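Chemist: Input: one structure, supplied below.
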Amino acid sequence: MADPIHQFVIQDLVPLHIGGVDLSFTNSALWMVIAAGLSSVVLTMAMSRASIVPNRLQVVAESAYSFVANMVRDNAGTEGMRFFPLIFTLFIVVLMGNALGMIPYSFTYTSHLAVTGALALFIFIFVTIVGFIRHGLHFLSLFSPEGVPLVLKFFVIPLEIISYLTRPVTLSVRLFANMMAGHLLLKVFAGFCVSLMSVSIALSLLPMAFNAVMIAFEFLIAGLQAYVFTVLTCVYLKDAIELH
Amino acid sequence: MNDESKLKDLQAQIDALKTKTEPKNAAGGSDESESMSVGMRAGTELVGATVGSALIGYGLDSWLGTKPWFLIIIFLLGVCAAFLNIWKITENSDRKSAEKNLSAEQKKSLAKDVEPLK
């Protein structure tokens with residue numbers, strides 16, 4: 001029977017070792033290239049013959065744009081619109097990773113902590129740099145909320161610092177755990193289906209029905225996790241821009 | 001109608017359109033997906049902050065050789081931080097939904113009340 005973990009194994013497609021560093025082109029990298037290429041081609045094609053009455057592809061591109069634009073404006077404020085290109089790219093990268101993973105035999109690169117962790121660390125460092133550039137050392141007042149008595153400050157400031165430092169952990173673990181758990185569950189129940197086949201065909205339809213529901217649910221999760229990831233990036237950016 | 005009044009008219013139209021498109025507080029994600037995303041965040045916030053703080057504490061301990069003090073202190077602080085984060089999330093979403101429940105008419109009447117004071 002198929003191993004449910006097998007779908008997450010990184011395989012070298014083009015082995016490449018430079019100076020003891022493994023830079024091989026893997027299946028994960030392949031799907032990242034597909035995601036980047038597909039989104040660039042679709043968005044360029046959609047807007048190349050833009051008209052006032054949009055065609056179907058143009059509607060897709062424009063609604064993606066206005067969806068992310070509204071999200072940035074609501075959560076990071078009008079000032080945050082300066083970072084719109086970055087946030088739109090992040091949204092598309094995560095959404096494509098999640099959505100392409102729903103194709104059978106594909107590879108879900110967002111199901112690896114290495115990928116989501118790198119994205120989250122990049123956001124964390126970027127937001128911190130933006131905060132220090134905009135406010136200088138005054139940015140550190142983010143850790144000291146207003147209206148807190150001096151005695152409590154000794155307790156609250158370490159709490160705020162820890163919750164700031166654990167942001168990349170929560171951000172990356174949420175995305176990776178959701179994607180991995182969902183795909184694992186699908187595979188495990190598909191396995192049940194196969195092993196129940198030897199008992200009775202009718203009984204084996206039960207896990208199959210469950211899987212049909214799960215697949216729909218996974219599509220929801222794919223979109224939702226991309227949304228949550230980008231919303232949180234906007235929220236963090238707002239902290240750095242406005243300080244509270 | 002002279003040119004100047006035409007220009008003013010146009011400016012007024014532009015301003016009206018701008019105020020229509022700029023605030024848009026209620027847009028972006030339906031109610032259901034928003035509450036789902038809040039739920040998702042609350043769950044992982046609890047796990048993430050505790051695990052993250054334990055990792056930070058363990059790292060500091062093995063770096064400074066002070067086992068197990070940093071692990072204990074930072075882990076406990078991390079648990080508190082996790083609950084603090086959850087409290088912040090729920091408070092935020094409470095405020096958002098309260099704003100949404102305030103219907104457009106109520107907002108208008110509120111605006112009318114404020115207007116004469118100017």
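In the structure tokens, each chain is lettered A, B, ... as it comes, each chain's residues begin at 1, and ligands are numbered from 1 in order of appearance.
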Pull the closest atom pair for each residue of chain B that gets at most 6 Å from chain A, along with the distance in Å to one decimal, counting only C-alpha atoms, ordering rows by chain and then ascending residue number, as JSON lines.
Modeler:
{"residue": "B:Asn25", "atom": "CA", "partner": "A:Asp74", "partner_atom": "CA", "distance": 5.9}
{"residue": "B:Gly28", "atom": "CA", "partner": "A:Met71", "partner_atom": "CA", "distance": 5.3}
{"residue": "B:Ser37", "atom": "CA", "partner": "A:Val228", "partner_atom": "CA", "distance": 5.9}
{"residue": "B:Thr44", "atom": "CA", "partner": "A:Arg174", "partner_atom": "CA", "distance": 5.9}
{"residue": "B:Glu45", "atom": "CA", "partner": "A:Thr170", "partner_atom": "CA", "distance": 5.9}
{"residue": "B:Gly48", "atom": "CA", "partner": "A:Thr170", "partner_atom": "CA", "distance": 4.4}
{"residue": "B:Ala49", "atom": "CA", "partner": "A:Thr166", "partner_atom": "CA", "distance": 5.5}
{"residue": "B:Gly52", "atom": "CA", "partner": "A:Thr166", "partner_atom": "CA", "distance": 5.3}
{"residue": "B:Leu77", "atom": "CA", "partner": "A:Leu159", "partner_atom": "CA", "distance": 6.0}
{"residue": "B:Ala81", "atom": "CA", "partner": "A:Leu159", "partner_atom": "CA", "distance": 5.1}
Chemist: For A:His183, list every protein, DNA or RNA residue within 9 Å, evaluated using only C-alpha atoms, and leave out those in the same chain fewer than 5 positions away; present the list as a list in words.
Modeler: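 So the residues in contact are Pro4, Gln7, Gly101, Met102, Thr108, Ser111, Asn178, Val188 and Glu218 of chain A.
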Chemist: Write out as a short mmCIF file (atom, residue, chain, number, x, y, z; two decimals) with N, CA, C and O atoms, in the first residue's frame each polymer residue whose atoms come within 9 Å of stretch 41-44 of chain A, counting only C-alpha atoms; drop sequence neighbours fewer than 2 positions from it.
Modeler:
data_model
loop_
_atom_site.label_atom_id
_atom_site.label_comp_id
_atom_site.auth_asym_id
_atom_site.auth_seq_id
_atom_site.Cartn_x
_atom_site.Cartn_y
_atom_site.Cartn_z
N ALA A 36 5.29 30.12 -10.22
CA ALA A 36 5.71 31.46 -10.64
C ALA A 36 5.40 31.69 -12.11
O ALA A 36 4.85 32.72 -12.50
N GLY A 37 5.73 30.68 -12.94
CA GLY A 37 5.51 30.82 -14.37
C GLY A 37 4.03 30.93 -14.70
O GLY A 37 3.62 31.84 -15.43
N LEU A 38 3.23 30.05 -14.12
CA LEU A 38 1.80 30.03 -14.43
C LEU A 38 1.13 31.34 -14.03
O LEU A 38 0.37 31.94 -14.81
N SER A 39 1.45 31.82 -12.80
CA SER A 39 0.81 33.06 -12.36
C SER A 39 1.25 34.24 -13.22
O SER A 39 0.43 35.09 -13.57
N ALA A 46 -3.97 38.01 -19.08
CA ALA A 46 -5.26 38.59 -18.72
C ALA A 46 -5.28 40.08 -18.95
O ALA A 46 -6.30 40.65 -19.36
N MET A 47 -4.13 40.73 -18.71
CA MET A 47 -4.14 42.19 -18.79
C MET A 47 -3.57 42.71 -20.12
O MET A 47 -3.53 43.91 -20.34
N SER A 48 -3.12 41.81 -21.01
CA SER A 48 -2.49 42.29 -22.24
C SER A 48 -3.52 42.92 -23.17
O SER A 48 -3.24 43.90 -23.84
N LEU A 57 -10.78 36.03 -18.19
CA LEU A 57 -9.45 36.02 -17.58
C LEU A 57 -9.17 37.34 -16.89
O LEU A 57 -8.59 37.39 -15.80
N GLN A 58 -9.63 38.43 -17.54
CA GLN A 58 -9.38 39.75 -16.96
C GLN A 58 -10.15 39.91 -15.64
O GLN A 58 -9.65 40.54 -14.71
N VAL A 60 -10.74 37.54 -13.53
CA VAL A 60 -9.96 36.81 -12.52
C VAL A 60 -8.83 37.69 -12.01
O VAL A 60 -8.65 37.87 -10.79
N ALA A 61 -8.06 38.27 -12.94
CA ALA A 61 -6.92 39.08 -12.55
C ALA A 61 -7.36 40.30 -11.75
O ALA A 61 -6.77 40.63 -10.72
#
Chemist: Set the distance at 9 Å and use only C-alpha atoms: which residues neighbour B:Thr50 once local chain neighbours fewer than 3 positions away are removed? I'd like the list as a count of residues only.
Modeler: 15
Chemist: List the spatial neighbours of stretch 21-34 of chain A as a PyMOL selection string - criterion: any atom at most 7 Å away, only C-alpha atoms, same-chain residues fewer than 6 positions off excluded.
Modeler: chain A and resi 10-15+107+109
Chemist: Hey, can you check how far atom CA of B:Val38 sits from atom CA of A:Ile125?
Modeler: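 The value is 24.0 Å.
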Chemist: Tell me, as a list in words, which residues lie within 10 Å of A:Val59, counting only C-alpha atoms; anything in the same chain fewer than 4 positions away does not count.
Modeler: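 My reading of the contact set: Ala46, Met47, Ala50, Val53, Pro54, Asn55, Ser63, Ala64 and Tyr65 of chain A.
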Chemist: Could the residues in this selection be saved with N, CA, C and O atoms as a PDB file, in the first residue's frame?
Modeler:
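Here's the written file result.pdb:
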ATOM      1  N   ALA A  46      -3.968  38.006 -19.082  1.00  0.00           N
ATOM      2  CA  ALA A  46      -5.259  38.586 -18.718  1.00  0.00           C
ATOM      3  C   ALA A  46      -5.276  40.084 -18.955  1.00  0.00           C
ATOM      4  O   ALA A  46      -6.296  40.648 -19.358  1.00  0.00           O
ATOM      5  N   MET A  47      -4.129  40.731 -18.708  1.00  0.00           N
ATOM      6  CA  MET A  47      -4.136  42.189 -18.791  1.00  0.00           C
ATOM      7  C   MET A  47      -3.567  42.706 -20.115  1.00  0.00           C
ATOM      8  O   MET A  47      -3.534  43.913 -20.339  1.00  0.00           O
ATOM      9  N   ALA A  50      -6.502  44.314 -22.174  1.00  0.00           N
ATOM     10  CA  ALA A  50      -7.488  44.794 -21.205  1.00  0.00           C
ATOM     11  C   ALA A  50      -8.502  45.694 -21.887  1.00  0.00           C
ATOM     12  O   ALA A  50      -8.161  46.516 -22.723  1.00  0.00           O
ATOM     13  N   VAL A  53     -14.978  46.479 -20.817  1.00  0.00           N
ATOM     14  CA  VAL A  53     -15.815  45.317 -20.508  1.00  0.00           C
ATOM     15  C   VAL A  53     -14.879  44.114 -20.488  1.00  0.00           C
ATOM     16  O   VAL A  53     -14.429  43.664 -21.531  1.00  0.00           O
ATOM     17  N   PRO A  54     -14.538  43.608 -19.277  1.00  0.00           N
ATOM     18  CA  PRO A  54     -13.477  42.605 -19.203  1.00  0.00           C
ATOM     19  C   PRO A  54     -13.918  41.222 -19.683  1.00  0.00           C
ATOM     20  O   PRO A  54     -15.102  40.873 -19.552  1.00  0.00           O
ATOM     21  N   ASN A  55     -12.976  40.470 -20.239  1.00  0.00           N
ATOM     22  CA  ASN A  55     -13.262  39.071 -20.534  1.00  0.00           C
ATOM     23  C   ASN A  55     -13.013  38.243 -19.265  1.00  0.00           C
ATOM     24  O   ASN A  55     -12.623  38.785 -18.239  1.00  0.00           O
ATOM     25  N   SER A  63     -10.182  40.763 -10.051  1.00  0.00           N
ATOM     26  CA  SER A  63     -10.758  40.490  -8.731  1.00  0.00           C
ATOM     27  C   SER A  63      -9.661  40.076  -7.754  1.00  0.00           C
ATOM     28  O   SER A  63      -9.747  40.409  -6.567  1.00  0.00           O
ATOM     29  N   ALA A  64      -8.623  39.370  -8.257  1.00  0.00           N
ATOM     30  CA  ALA A  64      -7.496  39.052  -7.373  1.00  0.00           C
ATOM     31  C   ALA A  64      -6.837  40.341  -6.898  1.00  0.00           C
ATOM     32  O   ALA A  64      -6.535  40.503  -5.712  1.00  0.00           O
ATOM     33  N   TYR A  65      -6.669  41.281  -7.835  1.00  0.00           N
ATOM     34  CA  TYR A  65      -6.043  42.550  -7.484  1.00  0.00           C
ATOM     35  C   TYR A  65      -6.864  43.285  -6.433  1.00  0.00           C
ATOM     36  O   TYR A  65      -6.351  43.711  -5.403  1.00  0.00           O
TER      37      TYR A  65
END
Chemist: At what distance in Å, to one decimal, does atom CA of A:Ile241 lie from atom CA of A:Leu137?
Modeler: 13.5 Å
